[in-house]
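Worksheet: the structure to be examined is printed underneath.
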Amino acid sequence: MDLRPRTLVATLVIALAAAGAVSAHMAYSKSMPAKDAKLIASPDHVQVWFTQDPEPAVSQISLEGPNGEVSLGKTTVGDEKSLVAEVPATLAAGSYTVKWRSAGDDGHVMRGDFTFSIATAE
Ligand SMILES: [Cu+2]
C-alpha cells in the first residue's frame, strides 16, 4: 500500500463514501404478499419489512388494483422493522401494486413498489 499522505486521504474518502452508500438508506427487505406472488385468495393485510426501523410519521402503504386505488386501513408499525396495513375488503382477481413510503435512520424518505396478483377471488 502507498503510504503518501495524499493517497491515504483519497483512500479514506473513497472508503467513507462506500460505507455511506451501503448503510445510509433504508430498503425493502421482504413482504407479505411477497413480491410477484400469485395468490389464490385475497390477503387480509399487507406487510412490508425493511432493513431499518420505519419512521411512523412518514410511513404509508397504499394499494392499486385493476379498478384503481384500494382503500386500506391505517398504516402502522409492525414487528421486526415492518409496516402493516389491513385490507378491509375482499380483493377481486387481478394484478395489484403495493406502494410504500417510509424513512429509516437517516430520515430520508424512500419510496418503492412491488406487484402481486390474485388468480381467483374468494
Ligand atoms: Cu438516506
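In the C-alpha cells, chains take letters A, B, ... by order of appearance, with residues numbered from 1 within each chain and ligands from 1 in the order shown.
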
Notebook entry, point to check: Within 8 Å of ligand 1, counting only C-alpha atoms and all ligand atoms: which residues, as a PyMOL selection string?
Noted result: chain A and resi 24-26+104-110

Please produce an output containing N, CA, C and O atoms for each residue in the selection, written as a PDB file, in the first residue's frame.
ATOM      1  N   ALA A  24     -26.599   4.047   4.489  1.00  0.00           N
ATOM      2  CA  ALA A  24     -27.409   5.249   4.709  1.00  0.00           C
ATOM      3  C   ALA A  24     -28.915   5.019   4.631  1.00  0.00           C
ATOM      4  O   ALA A  24     -29.634   5.348   5.559  1.00  0.00           O
ATOM      5  N   HIS A  25     -29.368   4.499   3.538  1.00  0.00           N
ATOM      6  CA  HIS A  25     -30.804   4.452   3.308  1.00  0.00           C
ATOM      7  C   HIS A  25     -31.439   3.150   3.763  1.00  0.00           C
ATOM      8  O   HIS A  25     -30.826   2.100   3.710  1.00  0.00           O
ATOM      9  N   MET A  26     -32.684   3.256   4.170  1.00  0.00           N
ATOM     10  CA  MET A  26     -33.448   2.043   4.439  1.00  0.00           C
ATOM     11  C   MET A  26     -33.852   1.439   3.102  1.00  0.00           C
ATOM     12  O   MET A  26     -33.924   2.138   2.092  1.00  0.00           O
ATOM     13  N   GLY A 104     -35.859   5.671   7.264  1.00  0.00           N
ATOM     14  CA  GLY A 104     -35.135   4.929   8.295  1.00  0.00           C
ATOM     15  C   GLY A 104     -34.266   5.843   9.122  1.00  0.00           C
ATOM     16  O   GLY A 104     -34.616   6.991   9.392  1.00  0.00           O
ATOM     17  N   ASP A 105     -33.106   5.342   9.497  1.00  0.00           N
ATOM     18  CA  ASP A 105     -32.225   6.037  10.436  1.00  0.00           C
ATOM     19  C   ASP A 105     -31.805   7.432   9.993  1.00  0.00           C
ATOM     20  O   ASP A 105     -31.664   8.331  10.816  1.00  0.00           O
ATOM     21  N   ASP A 106     -31.576   7.647   8.700  1.00  0.00           N
ATOM     22  CA  ASP A 106     -31.071   8.956   8.266  1.00  0.00           C
ATOM     23  C   ASP A 106     -32.193   9.930   7.915  1.00  0.00           C
ATOM     24  O   ASP A 106     -31.939  11.060   7.520  1.00  0.00           O
ATOM     25  N   GLY A 107     -33.448   9.496   8.053  1.00  0.00           N
ATOM     26  CA  GLY A 107     -34.579  10.403   7.847  1.00  0.00           C
ATOM     27  C   GLY A 107     -34.954  10.648   6.397  1.00  0.00           C
ATOM     28  O   GLY A 107     -35.933  11.332   6.121  1.00  0.00           O
ATOM     29  N   HIS A 108     -34.206  10.106   5.455  1.00  0.00           N
ATOM     30  CA  HIS A 108     -34.520  10.309   4.039  1.00  0.00           C
ATOM     31  C   HIS A 108     -35.755   9.492   3.665  1.00  0.00           C
ATOM     32  O   HIS A 108     -35.790   8.287   3.910  1.00  0.00           O
ATOM     33  N   VAL A 109     -36.734  10.152   3.071  1.00  0.00           N
ATOM     34  CA  VAL A 109     -37.949   9.453   2.676  1.00  0.00           C
ATOM     35  C   VAL A 109     -37.663   8.616   1.424  1.00  0.00           C
ATOM     36  O   VAL A 109     -37.193   9.135   0.414  1.00  0.00           O
ATOM     37  N   MET A 110     -37.924   7.333   1.534  1.00  0.00           N
ATOM     38  CA  MET A 110     -37.698   6.413   0.428  1.00  0.00           C
ATOM     39  C   MET A 110     -39.052   5.898  -0.054  1.00  0.00           C
ATOM     40  O   MET A 110     -40.003   5.808   0.714  1.00  0.00           O
TER      41      MET A 110
END

Item checked: Picked from region 9-116 of chain A by DSSP as alpha helix (DSSP H), as a list in words -> Val9, Ala10, Thr11, Leu12, Val13, Ile14, Ala15, Leu16, Ala17, Ala18, Ala19, Gly20, Ala21, Val22 and Ser23 of chain A

Checklist line | Residue neighbourhood region 50-60 of chain A, 9 Å, only C-alpha atoms, exclusion window fewer than 4 positions, as a PyMOL selection string | finding: chain A and resi 25-31+74-77+80-83+85+99-105+107+109

Checklist line | Between CA of Ala93 (chain A) and CA of Pro66 (chain A) - distance in Å to one decimal | finding: 8.4 Å

Checklist line | Pick from A:Leu63, A:Val84, A:Ala41, A:Met32, whichever lies nearest to Thr97 (chain A) using only C-alpha atoms | finding: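 Residue with the minimum atom-to-atom distance to Thr97 (chain A): A:Leu63.
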
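Between CA of Ala37 (chain A) and CA of Trp49 (chain A) the interatomic distance comes to 15.6 Å.
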